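K.L.:
coords39.csv is the file, holding CSV, C-alpha atoms (C1' of nucleotides):
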chain,number,residue,atom,x,y,z
A,10,MET,CA,-13.8,25.9,1.0
A,11,GLN,CA,-16.8,23.8,-0.1
A,12,THR,CA,-16.8,20.1,0.7
A,13,ASP,CA,-19.1,17.2,0.2
A,14,LEU,CA,-19.8,16.9,3.9
A,15,ALA,CA,-20.3,20.2,5.7
A,16,LEU,CA,-16.8,19.4,6.7
A,17,GLY,CA,-13.7,20.9,5.3
A,18,CYS,CA,-10.1,21.5,6.0
A,19,ILE,CA,-8.8,24.2,8.3
A,20,ALA,CA,-5.9,26.3,7.2
A,21,MET,CA,-4.3,24.8,4.2
A,22,SER,CA,-1.7,27.4,3.3
A,23,PRO,CA,-2.7,28.9,0.0
A,24,ALA,CA,0.5,28.1,-1.9
A,25,ALA,CA,1.3,24.8,-0.3
A,26,THR,CA,4.2,23.0,-1.8
A,27,GLN,CA,4.4,20.2,0.7
A,28,PRO,CA,2.0,17.3,1.2
A,29,ARG,CA,-0.4,18.0,4.0
A,30,ALA,CA,0.6,17.3,7.6
A,31,CYS,CA,-2.4,15.3,8.7
A,32,ALA,CA,-3.3,12.7,11.3
A,33,ILE,CA,-4.9,10.5,8.7
A,34,ALA,CA,-1.7,10.3,6.7
A,35,ASP,CA,0.3,9.7,9.9
A,36,THR,CA,-2.0,6.9,10.9
A,37,LEU,CA,-1.7,5.3,7.5
A,38,GLY,CA,2.0,5.6,7.8
A,39,ILE,CA,1.8,3.1,10.7
A,40,VAL,CA,-1.1,0.8,9.7
A,41,GLY,CA,-1.4,1.5,6.0
A,42,GLU,CA,1.0,-1.0,4.7
A,43,ARG,CA,-0.4,-4.1,3.1
A,44,TRP,CA,-1.6,-6.8,5.6
A,45,ALA,CA,-1.1,-4.6,8.7
A,46,LEU,CA,-4.8,-4.0,9.4
A,47,LEU,CA,-5.6,-7.6,8.7
A,48,VAL,CA,-3.1,-8.7,11.3
A,49,VAL,CA,-4.7,-6.3,13.7
A,50,ARG,CA,-8.1,-7.8,12.8
A,51,GLU,CA,-6.8,-11.3,13.7
A,52,LEU,CA,-5.5,-10.1,17.1
A,53,PHE,CA,-8.9,-8.6,17.7
A,54,TRP,CA,-10.5,-11.8,16.9
A,55,GLY,CA,-8.4,-13.6,19.4
A,56,VAL,CA,-5.9,-15.2,17.1
A,57,HIS,CA,-2.4,-14.7,18.5
A,58,ARG,CA,-0.1,-17.2,17.0
A,59,PHE,CA,2.1,-16.6,14.0
A,60,SER,CA,1.0,-19.6,12.0
A,61,ASP,CA,-2.7,-18.9,12.6
A,62,ILE,CA,-2.4,-15.3,11.7
A,63,GLN,CA,-0.5,-16.3,8.6
A,64,ARG,CA,-3.2,-18.8,7.5
A,65,ASN,CA,-6.2,-16.5,8.3
A,66,THR,CA,-4.8,-13.5,6.5
A,67,GLY,CA,-2.9,-15.1,3.7
A,68,ALA,CA,0.1,-12.9,4.1
A,69,PRO,CA,3.5,-14.3,3.1
A,70,ARG,CA,5.4,-15.4,6.2
A,71,ASP,CA,8.3,-13.0,5.7
A,72,VAL,CA,5.9,-10.0,5.2
A,73,LEU,CA,4.0,-11.1,8.3
A,74,SER,CA,7.2,-11.3,10.2
A,75,ALA,CA,8.1,-7.7,9.2
A,76,ARG,CA,4.5,-6.4,9.9
A,77,LEU,CA,4.4,-7.9,13.3
A,78,ARG,CA,7.8,-6.4,14.1
A,79,SER,CA,6.7,-2.9,13.0
A,80,LEU,CA,3.4,-3.2,14.9
A,81,VAL,CA,5.3,-4.1,18.0
A,82,GLU,CA,7.7,-1.2,17.4
A,83,ALA,CA,4.7,1.2,16.9
A,84,GLY,CA,3.2,0.1,20.2
A,85,ILE,CA,0.2,-1.5,18.7
A,86,ALA,CA,1.0,-5.1,19.5
A,87,GLU,CA,3.2,-6.8,22.0
A,88,GLN,CA,4.7,-10.3,22.3
A,89,ARG,CA,3.6,-12.4,25.3
A,90,PRO,CA,4.9,-15.9,26.0
A,91,TYR,CA,2.3,-18.6,26.1
A,92,SER,CA,4.6,-21.5,26.6
A,93,GLU,CA,7.9,-22.0,28.4
A,94,ARG,CA,8.8,-25.3,26.9
A,95,PRO,CA,9.0,-25.1,24.0
A,96,PRO,CA,9.5,-21.4,24.3
A,97,ARG,CA,6.7,-19.8,22.3
A,98,SER,CA,5.1,-16.4,22.3
A,99,GLY,CA,2.1,-14.9,20.7
A,100,TYR,CA,1.1,-11.4,19.8
A,101,HIS,CA,-1.5,-9.3,21.6
A,102,LEU,CA,-2.9,-5.9,21.1
A,103,THR,CA,-1.9,-3.1,23.4
A,104,ARG,CA,-4.3,-0.3,24.4
A,105,ALA,CA,-3.3,1.6,21.3
A,106,GLY,CA,-4.0,-1.4,19.2
A,107,ARG,CA,-7.4,-2.0,20.7
A,108,ASP,CA,-8.1,1.7,19.9
A,109,LEU,CA,-8.0,0.7,16.3
A,110,ALA,CA,-11.4,-1.0,16.8
A,111,PRO,CA,-13.4,1.9,15.2
A,112,VAL,CA,-11.1,1.7,12.1
A,113,LEU,CA,-11.9,-2.0,11.7
A,114,MET,CA,-15.6,-1.4,12.4
A,115,ALA,CA,-15.7,1.3,9.8
A,116,LEU,CA,-14.0,-0.8,7.2
A,117,TYR,CA,-16.2,-3.7,8.0
A,118,GLU,CA,-19.4,-1.6,7.8
A,119,TRP,CA,-18.4,-0.1,4.5
A,120,GLY,CA,-17.6,-3.5,3.0
A,121,ASP,CA,-20.8,-5.0,4.3
A,122,ARG,CA,-22.8,-2.2,2.8
A,123,HIS,CA,-21.1,-1.7,-0.5
A,124,LEU,CA,-19.5,-5.0,-1.4
A,125,PRO,CA,-22.1,-7.7,-1.2
A,126,SER,CA,-20.5,-11.1,-1.4
A,127,ASP,CA,-21.9,-14.5,-2.4
A,128,ASP,CA,-20.0,-16.6,0.0
A,129,GLU,CA,-20.4,-16.3,3.7
A,130,ARG,CA,-18.0,-13.9,5.4
A,131,ASP,CA,-16.6,-14.0,8.9
A,132,GLN,CA,-18.5,-11.6,11.1
A,133,PHE,CA,-18.3,-9.9,14.5
A,134,PRO,CA,-20.7,-11.8,16.8
A,135,HIS,CA,-22.8,-10.1,19.4
A,136,GLY,CA,-24.6,-12.2,21.8
A,137,ASP,CA,-26.7,-14.5,19.8
A,138,HIS,CA,-26.7,-12.5,16.6
A,139,ARG,CA,-24.1,-11.0,14.3
A,140,LEU,CA,-23.0,-7.4,14.9
A,141,GLU,CA,-24.2,-5.0,12.3
A,142,PRO,CA,-22.3,-1.9,13.4
A,143,VAL,CA,-23.9,1.5,13.3
A,144,ILE,CA,-21.3,4.2,13.5
A,145,GLU,CA,-21.9,7.6,14.9
A,146,VAL,CA,-19.5,10.4,14.9
A,147,ARG,CA,-19.9,13.4,17.2
A,148,CYS,CA,-17.8,16.5,18.0
A,149,ARG,CA,-16.4,16.4,21.5
A,150,GLU,CA,-16.4,20.1,21.7
A,151,CYS,CA,-20.0,20.9,20.9
A,152,GLY,CA,-21.7,17.5,21.0
A,153,ASP,CA,-23.1,17.8,17.5
A,154,VAL,CA,-23.6,14.6,15.5
A,155,VAL,CA,-21.5,14.8,12.4
A,156,TRP,CA,-22.3,11.4,11.0
A,157,ARG,CA,-25.0,8.9,11.8
A,158,ASP,CA,-26.2,5.8,10.2
A,159,GLY,CA,-24.6,6.3,6.8
A,160,ARG,CA,-25.5,10.0,6.5
A,161,PRO,CA,-23.7,13.2,7.2
A,162,HIS,CA,-25.4,15.4,9.7
A,163,ARG,CA,-25.0,19.1,9.5
A,164,HIS,CA,-24.6,21.4,12.4
A,165,ALA,CA,-26.9,24.5,12.9
B,29,MET,CA,-13.2,-17.9,21.2
B,30,GLN,CA,-11.7,-15.4,23.6
B,31,THR,CA,-11.1,-11.9,22.2
B,32,ASP,CA,-9.8,-8.6,23.5
B,33,LEU,CA,-13.1,-6.9,23.0
B,34,ALA,CA,-16.0,-9.0,24.0
B,35,LEU,CA,-16.2,-9.4,20.3
B,36,GLY,CA,-15.0,-12.4,18.4
B,37,CYS,CA,-15.3,-14.1,15.1
B,38,ILE,CA,-18.4,-16.2,14.2
B,39,ALA,CA,-17.9,-19.6,12.6
B,40,MET,CA,-14.3,-19.9,11.5
B,41,SER,CA,-14.2,-23.4,10.2
B,42,PRO,CA,-12.0,-25.4,12.5
B,43,ALA,CA,-9.5,-26.5,9.9
B,44,ALA,CA,-9.5,-23.5,7.7
B,45,THR,CA,-6.9,-23.7,5.0
B,46,GLN,CA,-8.0,-20.5,3.2
B,47,PRO,CA,-7.6,-16.9,4.3
B,48,ARG,CA,-10.8,-15.6,5.8
B,49,ALA,CA,-13.6,-14.2,3.7
B,50,CYS,CA,-14.2,-11.0,5.5
B,51,ALA,CA,-15.7,-7.6,4.7
B,52,ILE,CA,-12.6,-5.8,6.2
B,53,ALA,CA,-10.3,-7.6,3.8
B,54,ASP,CA,-12.7,-6.9,0.9
B,55,THR,CA,-12.8,-3.2,1.7
B,56,LEU,CA,-9.0,-3.1,2.0
B,57,GLY,CA,-8.9,-4.7,-1.4
B,58,ILE,CA,-10.5,-1.6,-2.8
B,59,VAL,CA,-9.1,1.3,-0.7
B,60,GLY,CA,-6.2,-0.4,0.9
B,61,GLU,CA,-3.5,0.4,-1.7
B,62,ARG,CA,-1.1,3.1,-1.0
B,63,TRP,CA,-2.4,6.6,-1.5
B,64,ALA,CA,-6.0,5.5,-2.1
B,65,LEU,CA,-7.4,6.8,1.2
B,66,LEU,CA,-5.4,10.0,1.0
B,67,VAL,CA,-7.0,10.7,-2.3
B,68,VAL,CA,-10.4,10.1,-0.8
B,69,ARG,CA,-9.5,12.5,2.0
B,70,GLU,CA,-8.7,15.2,-0.5
B,71,LEU,CA,-12.0,14.7,-2.3
B,72,PHE,CA,-13.7,15.0,1.1
B,73,TRP,CA,-11.9,18.2,1.8
B,74,GLY,CA,-13.1,19.7,-1.4
B,75,VAL,CA,-10.0,19.2,-3.6
B,76,HIS,CA,-11.0,17.9,-6.9
B,77,ARG,CA,-8.2,18.6,-9.4
B,78,PHE,CA,-5.5,16.2,-10.3
B,79,SER,CA,-2.6,18.6,-9.7
B,80,ASP,CA,-4.0,19.7,-6.3
B,81,ILE,CA,-4.6,16.2,-5.2
B,82,GLN,CA,-1.0,15.3,-6.3
B,83,ARG,CA,0.5,18.2,-4.3
B,84,ASN,CA,-1.6,17.6,-1.2
B,85,THR,CA,-1.0,13.9,-1.0
B,86,GLY,CA,2.5,13.7,-2.3
B,87,ALA,CA,1.6,10.7,-4.5
B,88,PRO,CA,3.6,10.2,-7.7
B,89,ARG,CA,1.6,11.3,-10.7
B,90,ASP,CA,1.5,8.0,-12.3
B,91,VAL,CA,0.3,6.2,-9.2
B,92,LEU,CA,-2.3,8.9,-8.6
B,93,SER,CA,-3.5,8.4,-12.1
B,94,ALA,CA,-3.9,4.7,-11.5
B,95,ARG,CA,-5.6,5.2,-8.1
B,96,LEU,CA,-8.1,7.6,-9.5
B,97,ARG,CA,-8.9,5.2,-12.2
B,98,SER,CA,-9.5,2.4,-9.8
B,99,LEU,CA,-11.5,4.6,-7.4
B,100,VAL,CA,-13.7,5.5,-10.4
B,101,GLU,CA,-13.9,1.9,-11.4
B,102,ALA,CA,-14.9,0.9,-7.9
B,103,GLY,CA,-17.7,3.5,-7.8
B,104,ILE,CA,-16.1,5.6,-5.1
B,105,ALA,CA,-15.3,8.6,-7.2
B,106,GLU,CA,-16.5,10.0,-10.5
B,107,GLN,CA,-15.2,12.4,-13.0
B,108,ARG,CA,-17.1,15.7,-13.6
B,109,PRO,CA,-16.1,18.3,-16.1
B,110,TYR,CA,-15.5,21.8,-14.6
B,111,SER,CA,-14.4,23.5,-17.8
B,112,GLU,CA,-15.3,23.1,-21.5
B,113,ARG,CA,-12.5,25.1,-22.9
B,114,PRO,CA,-9.9,23.9,-22.2
B,115,PRO,CA,-11.7,20.5,-21.5
B,116,ARG,CA,-10.9,19.7,-17.9
B,117,SER,CA,-12.6,17.5,-15.4
B,118,GLY,CA,-12.2,17.0,-11.7
B,119,TYR,CA,-12.9,14.0,-9.4
B,120,HIS,CA,-15.8,13.9,-7.0
B,121,LEU,CA,-17.0,11.4,-4.4
B,122,THR,CA,-20.0,9.3,-5.1
B,123,ARG,CA,-22.4,8.2,-2.3
B,124,ALA,CA,-20.2,5.1,-1.8
B,125,GLY,CA,-17.2,7.4,-1.5
B,126,ARG,CA,-18.9,9.7,1.0
B,127,ASP,CA,-19.7,6.6,3.0
B,128,LEU,CA,-16.0,6.2,3.7
B,129,ALA,CA,-16.3,9.2,6.1
B,130,PRO,CA,-16.3,7.0,9.2
B,131,VAL,CA,-13.1,5.3,8.0
B,132,LEU,CA,-11.3,8.6,7.6
B,133,MET,CA,-12.7,9.8,11.0
B,134,ALA,CA,-11.5,6.7,12.7
B,135,LEU,CA,-8.0,7.0,11.2
B,136,TYR,CA,-8.0,10.7,12.1
B,137,GLU,CA,-9.1,10.1,15.7
B,138,TRP,CA,-6.5,7.4,16.2
B,139,GLY,CA,-3.7,9.4,14.8
B,140,ASP,CA,-4.8,12.4,16.9
B,141,ARG,CA,-4.8,10.4,20.0
B,142,HIS,CA,-1.8,8.2,19.5
B,143,LEU,CA,0.6,10.1,17.3
B,144,PRO,CA,1.1,13.5,18.7
B,145,SER,CA,2.9,15.8,16.3
B,146,ASP,CA,5.0,18.9,16.8
B,147,ASP,CA,3.9,20.7,13.7
B,148,GLU,CA,0.4,21.8,13.1
B,149,ARG,CA,-1.7,19.3,11.2
B,150,ASP,CA,-4.7,19.9,8.9
B,151,GLN,CA,-7.9,19.3,10.7
B,152,PHE,CA,-11.6,18.9,10.1
B,153,PRO,CA,-13.2,22.2,11.0
B,154,HIS,CA,-16.6,22.3,12.7
B,155,GLY,CA,-18.3,25.7,13.0
B,156,ASP,CA,-15.8,27.9,14.8
B,157,HIS,CA,-13.7,25.2,16.3
B,158,ARG,CA,-11.9,22.1,15.1
B,159,LEU,CA,-13.7,18.8,15.0
B,160,GLU,CA,-12.5,16.3,17.6
B,161,PRO,CA,-14.4,13.3,16.6
B,162,VAL,CA,-15.9,11.0,19.1
B,163,ILE,CA,-16.8,7.7,17.6
B,164,GLU,CA,-19.6,5.4,18.9
B,165,VAL,CA,-20.4,2.0,17.5
B,166,ARG,CA,-23.7,0.4,18.2
B,167,CYS,CA,-25.4,-2.8,17.1
B,168,ARG,CA,-28.3,-2.2,14.8
B,169,GLU,CA,-30.0,-5.4,15.9
B,170,CYS,CA,-30.1,-4.8,19.7
B,171,GLY,CA,-29.0,-1.2,20.1
B,172,ASP,CA,-26.2,-2.1,22.5
B,173,VAL,CA,-23.2,0.3,22.5
B,174,VAL,CA,-20.1,-1.7,21.5
B,175,TRP,CA,-17.6,1.0,21.5
B,176,ARG,CA,-17.7,4.5,22.9
B,177,ASP,CA,-15.2,7.2,23.5
B,178,GLY,CA,-12.1,5.0,23.2
B,179,ARG,CA,-13.4,2.1,25.2
B,180,PRO,CA,-15.1,-1.1,24.5
B,181,HIS,CA,-18.5,-1.6,26.0
B,182,ARG,CA,-19.7,-5.0,26.8
B,183,HIS,CA,-23.3,-6.2,26.4
B,184,ALA,CA,-25.2,-7.8,29.2
C,17,DG,C1',2.4,33.3,-34.7
C,18,DT,C1',5.9,32.7,-31.2
C,19,DG,C1',7.3,32.0,-26.6
C,20,DT,C1',5.7,30.7,-21.9
C,21,DG,C1',2.8,28.5,-18.7
C,22,DT,C1',-1.1,25.4,-17.0
C,23,DC,C1',-3.4,21.2,-16.8
C,24,DG,C1',-4.0,16.3,-16.9
C,25,DG,C1',-1.9,13.0,-17.6
C,26,DT,C1',1.8,9.0,-19.9
C,27,DT,C1',6.4,7.0,-20.5
C,28,DT,C1',10.9,5.6,-19.0
C,29,DG,C1',14.1,3.4,-16.1
C,30,DA,C1',15.8,2.7,-11.4
C,31,DT,C1',14.5,1.3,-6.7
C,32,DT,C1',11.6,-0.9,-3.4
C,33,DT,C1',8.4,-4.0,-1.9
C,34,DC,C1',6.0,-8.2,-2.3
C,35,DC,C1',5.7,-13.0,-3.0
C,36,DC,C1',6.8,-17.9,-3.0
C,37,DA,C1',9.4,-21.7,-1.9
C,38,DA,C1',12.9,-23.6,0.6
C,39,DC,C1',15.5,-23.8,4.6
C,40,DC,C1',16.6,-23.6,9.8
C,41,DG,C1',16.9,-24.5,14.9
C,42,DA,C1',14.7,-25.9,18.9
C,43,DA,C1',11.6,-28.7,21.0
C,44,DC,C1',8.2,-32.4,21.3
C,45,DT,C1',6.3,-37.0,19.7
C,46,DC,C1',6.8,-41.7,18.3
D,17,DG,C1',16.5,-41.2,15.5
D,18,DA,C1',12.8,-39.9,12.3
D,19,DG,C1',9.1,-37.0,11.6
D,20,DT,C1',6.3,-32.9,13.0
D,21,DT,C1',5.2,-28.4,14.9
D,22,DC,C1',6.3,-23.7,15.7
D,23,DG,C1',8.3,-19.3,14.7
D,24,DG,C1',10.6,-17.6,12.0
D,25,DT,C1',14.9,-16.3,8.1
D,26,DT,C1',17.0,-16.6,3.4
D,27,DG,C1',17.2,-16.6,-1.4
D,28,DG,C1',15.5,-15.1,-6.1
D,29,DG,C1',11.9,-13.5,-9.3
D,30,DA,C1',7.7,-10.6,-10.0
D,31,DA,C1',5.2,-6.6,-9.2
D,32,DA,C1',4.4,-2.0,-7.4
D,33,DT,C1',6.4,2.3,-6.5
D,34,DC,C1',9.1,6.3,-7.5
D,35,DA,C1',11.2,10.6,-9.7
D,36,DA,C1',11.9,12.8,-13.6
D,37,DA,C1',11.1,13.7,-18.2
D,38,DC,C1',7.9,14.0,-21.8
D,39,DC,C1',3.4,15.1,-24.3
D,40,DG,C1',-0.9,17.3,-26.4
D,41,DA,C1',-4.3,20.6,-25.9
D,42,DC,C1',-5.2,24.9,-24.7
D,43,DA,C1',-4.5,30.0,-22.7
D,44,DC,C1',-2.2,34.2,-22.5
D,45,DA,C1',1.2,37.9,-23.6
D,46,DC,C1',3.6,40.0,-27.0
Written as structure tokens, how would this file's structure read?
P.N.:
Amino acid sequence: MQTDLALGCIAMSPAATQPRACAIADTLGIVGERWALLVVRELFWGVHRFSDIQRNTGAPRDVLSARLRSLVEAGIAEQRPYSERPPRSGYHLTRAGRDLAPVLMALYEWGDRHLPSDDERDQFPHGDHRLEPVIEVRCRECGDVVWRDGRPHRHA
Amino acid sequence: MQTDLALGCIAMSPAATQPRACAIADTLGIVGERWALLVVRELFWGVHRFSDIQRNTGAPRDVLSARLRSLVEAGIAEQRPYSERPPRSGYHLTRAGRDLAPVLMALYEWGDRHLPSDDERDQFPHGDHRLEPVIEVRCRECGDVVWRDGRPHRHA
DNA sequence: GTGTGTCGGTTTGATTTCCCAACCGAACTC
DNA sequence: GAGTTCGGTTGGGAAATCAAACCGACACAC
């Protein structure tokens, strides 16, 4: 099977009648709904309170409520109290949620490269400068670099 | 601002009343709708025909039609004829579309790590084995590794 | 030239989701 | 006790999604 990337798909049954079983689809089933990844972005950026997340994302409050619930249910976020009186709790990423960092970085890098914007956008800081992420993908098995700096890399 | 990652957000105006301007949000505005990234996945995997994409993703035909249109409009995909008689054309990724590879890899890697599945899933092949992507994020400015192998890396 | 089938869609009508605005209870502030 | 903040929930209308049917252009068999 020819692909655009020196990458392809293993073993699609020839006469498939079902949609693919695929980790990408499964992941999007969890974080693919509208607002979900923006909520994760806020948690990454240290925003934990319902109202702040609502303001920074622009999500309607009821939708935000539902998204937070499903993120907690999926083990991506968890609720932690930050005040006893009045009883208040904020949302925090779990390990699984933090593991979404590369997804956010990849989305960020693509937008930064392909969607130039007039007005100043919020950015990942890094020390005294902004973070301009460079993403590299390797194969754990053989160590080959599959993608580097906006280009596919082919293996021998 | 404290974050979960030694990363944070630069310069959120203190009394923000608008949602953030952010490259992540802008990117999701283009490829964040349902089915869009699964369509890109198919194009990556060398599937170019409407009916095949429909079958492999499971998207309703009318939605697929709309998504393909907006992907073309966004410069992510383009239509190329593959037959004169009957006049047929398939969809292919542009350079901007291929640049979504890290997004797909990141989603794939997260699902692979956090959503174990009983039934066999379609995978990226790599030579004679499957590709198990290892994603590394560095800062172009200073070269520091920000993320490697499922862990955040802090700069000095 | 008359079925039958393929391909790349569009149309139709029902269902689901999204969105906005209003409301609510508990607590705290004046 | 009046007003405010916080973390939501509850309507009701608008928009997106969905499944199934339909369509036109062509191919192929007979």
K.L.:
Residues at most 12 Å from C:DG41, counting all atoms listed in the file, excluding those fewer than 4 positions away in the same chain, as a list in words?
P.N.:
DC22, DG23, DG24 and DT25 of chain D
K.L.:
Write out as an mmCIF file with C-alpha atoms (C1' of nucleotides), in the frame of the given file which residues come within 8 Å of stretch 23-40 of chain C when counting all atoms listed in the file, dropping same-chain ones fewer than 6 positions away.
P.N.:
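And here is the file that came out, selection.cif:
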data_model
loop_
_atom_site.group_PDB
_atom_site.id
_atom_site.type_symbol
_atom_site.label_atom_id
_atom_site.label_comp_id
_atom_site.auth_asym_id
_atom_site.auth_seq_id
_atom_site.Cartn_x
_atom_site.Cartn_y
_atom_site.Cartn_z
ATOM 1 C CA PRO A 69 3.500 -14.300 3.100
ATOM 2 C CA VAL A 72 5.900 -10.000 5.200
ATOM 3 C CA PHE B 78 -5.500 16.200 -10.300
ATOM 4 C CA SER B 79 -2.600 18.600 -9.700
ATOM 5 C CA ARG B 89 1.600 11.300 -10.700
ATOM 6 C CA ASP B 90 1.500 8.000 -12.300
ATOM 7 C CA SER B 93 -3.500 8.400 -12.100
ATOM 8 C CA ARG B 116 -10.900 19.700 -17.900
ATOM 9 C "C1'" DT D 25 14.900 -16.300 8.100
ATOM 10 C "C1'" DT D 26 17.000 -16.600 3.400
ATOM 11 C "C1'" DA D 30 7.700 -10.600 -10.000
ATOM 12 C "C1'" DA D 31 5.200 -6.600 -9.200
ATOM 13 C "C1'" DA D 32 4.400 -2.000 -7.400
ATOM 14 C "C1'" DT D 33 6.400 2.300 -6.500
ATOM 15 C "C1'" DC D 34 9.100 6.300 -7.500
ATOM 16 C "C1'" DC D 38 7.900 14.000 -21.800
ATOM 17 C "C1'" DC D 39 3.400 15.100 -24.300
#
K.L.:
Return as a ChimeraX atom specification the residues belonging to chain B that are within 6 Å of chain A, counting only C-alpha atoms.
P.N.:
/B:30-32,36-38,47-52,55,72-74,83-86,130-131,134-136,139-140,149-153,159-168
K.L.:
How about saving the chosen residues, C-alpha atoms kept, as a short mmCIF file (atom, residue, chain, number, x, y, z; two decimals), in the frame of the given file?
P.N.:
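Final file, selection.cif:
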data_model
loop_
_atom_site.label_atom_id
_atom_site.label_comp_id
_atom_site.auth_asym_id
_atom_site.auth_seq_id
_atom_site.Cartn_x
_atom_site.Cartn_y
_atom_site.Cartn_z
CA GLN B 30 -11.70 -15.40 23.60
CA THR B 31 -11.10 -11.90 22.20
CA ASP B 32 -9.80 -8.60 23.50
CA GLY B 36 -15.00 -12.40 18.40
CA CYS B 37 -15.30 -14.10 15.10
CA ILE B 38 -18.40 -16.20 14.20
CA PRO B 47 -7.60 -16.90 4.30
CA ARG B 48 -10.80 -15.60 5.80
CA ALA B 49 -13.60 -14.20 3.70
CA CYS B 50 -14.20 -11.00 5.50
CA ALA B 51 -15.70 -7.60 4.70
CA ILE B 52 -12.60 -5.80 6.20
CA THR B 55 -12.80 -3.20 1.70
CA PHE B 72 -13.70 15.00 1.10
CA TRP B 73 -11.90 18.20 1.80
CA GLY B 74 -13.10 19.70 -1.40
CA ARG B 83 0.50 18.20 -4.30
CA ASN B 84 -1.60 17.60 -1.20
CA THR B 85 -1.00 13.90 -1.00
CA GLY B 86 2.50 13.70 -2.30
CA PRO B 130 -16.30 7.00 9.20
CA VAL B 131 -13.10 5.30 8.00
CA ALA B 134 -11.50 6.70 12.70
CA LEU B 135 -8.00 7.00 11.20
CA TYR B 136 -8.00 10.70 12.10
CA GLY B 139 -3.70 9.40 14.80
CA ASP B 140 -4.80 12.40 16.90
CA ARG B 149 -1.70 19.30 11.20
CA ASP B 150 -4.70 19.90 8.90
CA GLN B 151 -7.90 19.30 10.70
CA PHE B 152 -11.60 18.90 10.10
CA PRO B 153 -13.20 22.20 11.00
CA LEU B 159 -13.70 18.80 15.00
CA GLU B 160 -12.50 16.30 17.60
CA PRO B 161 -14.40 13.30 16.60
CA VAL B 162 -15.90 11.00 19.10
CA ILE B 163 -16.80 7.70 17.60
CA GLU B 164 -19.60 5.40 18.90
CA VAL B 165 -20.40 2.00 17.50
CA ARG B 166 -23.70 0.40 18.20
CA CYS B 167 -25.40 -2.80 17.10
CA ARG B 168 -28.30 -2.20 14.80
#
K.L.:
I'd like to know which of B:Leu92, B:Asp156, B:Asp146, B:Ser98 is closest to chain D, using all atoms listed in the file.
P.N.:
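Selected residue with least distance to chain D: B:Leu92.
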K.L.:
May I ask for the distance between atom CA of A:Tyr100 and atom CA of A:Gln88, given in Å to one decimal place?
P.N.:
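Interatomic distance here is 4.5 Å.
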K.L.:
With all atoms listed in the file counted, which protein, DNA or RNA residues have an atom no more than 7 Å from (-10.8, 11.0, -9.3) in the file frame? Please answer as a list of chain:residue names.
P.N.:
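I get B:Leu96, B:Arg97, B:Leu99, B:Val100, B:Ala105, B:Glu106, B:Gln107, B:Gly118, B:Tyr119, B:His120 for the residues within 7 Å of that point.
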K.L.:
Find the residue from A:Arg58, A:Arg89, A:Arg94, A:His162 that sits nearest to chain C; use only C-alpha atoms (C1' of nucleotides) when measuring.
P.N.:
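Between A:Arg58, A:Arg89, A:Arg94, A:His162, the residue approaching chain C most closely is A:Arg94.
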K.L.:
By how many Å are atom CA of A:Glu93 and atom C1' of C:DT45 apart?
P.N.:
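Answer for the atom CA of A:Glu93 to atom C1' of C:DT45 separation: 17.4 Å.
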K.L.:
In Å to one decimal, how far is atom C1' of D:DA36 from atom CA of B:Ser117?
P.N.:
25.0 Å
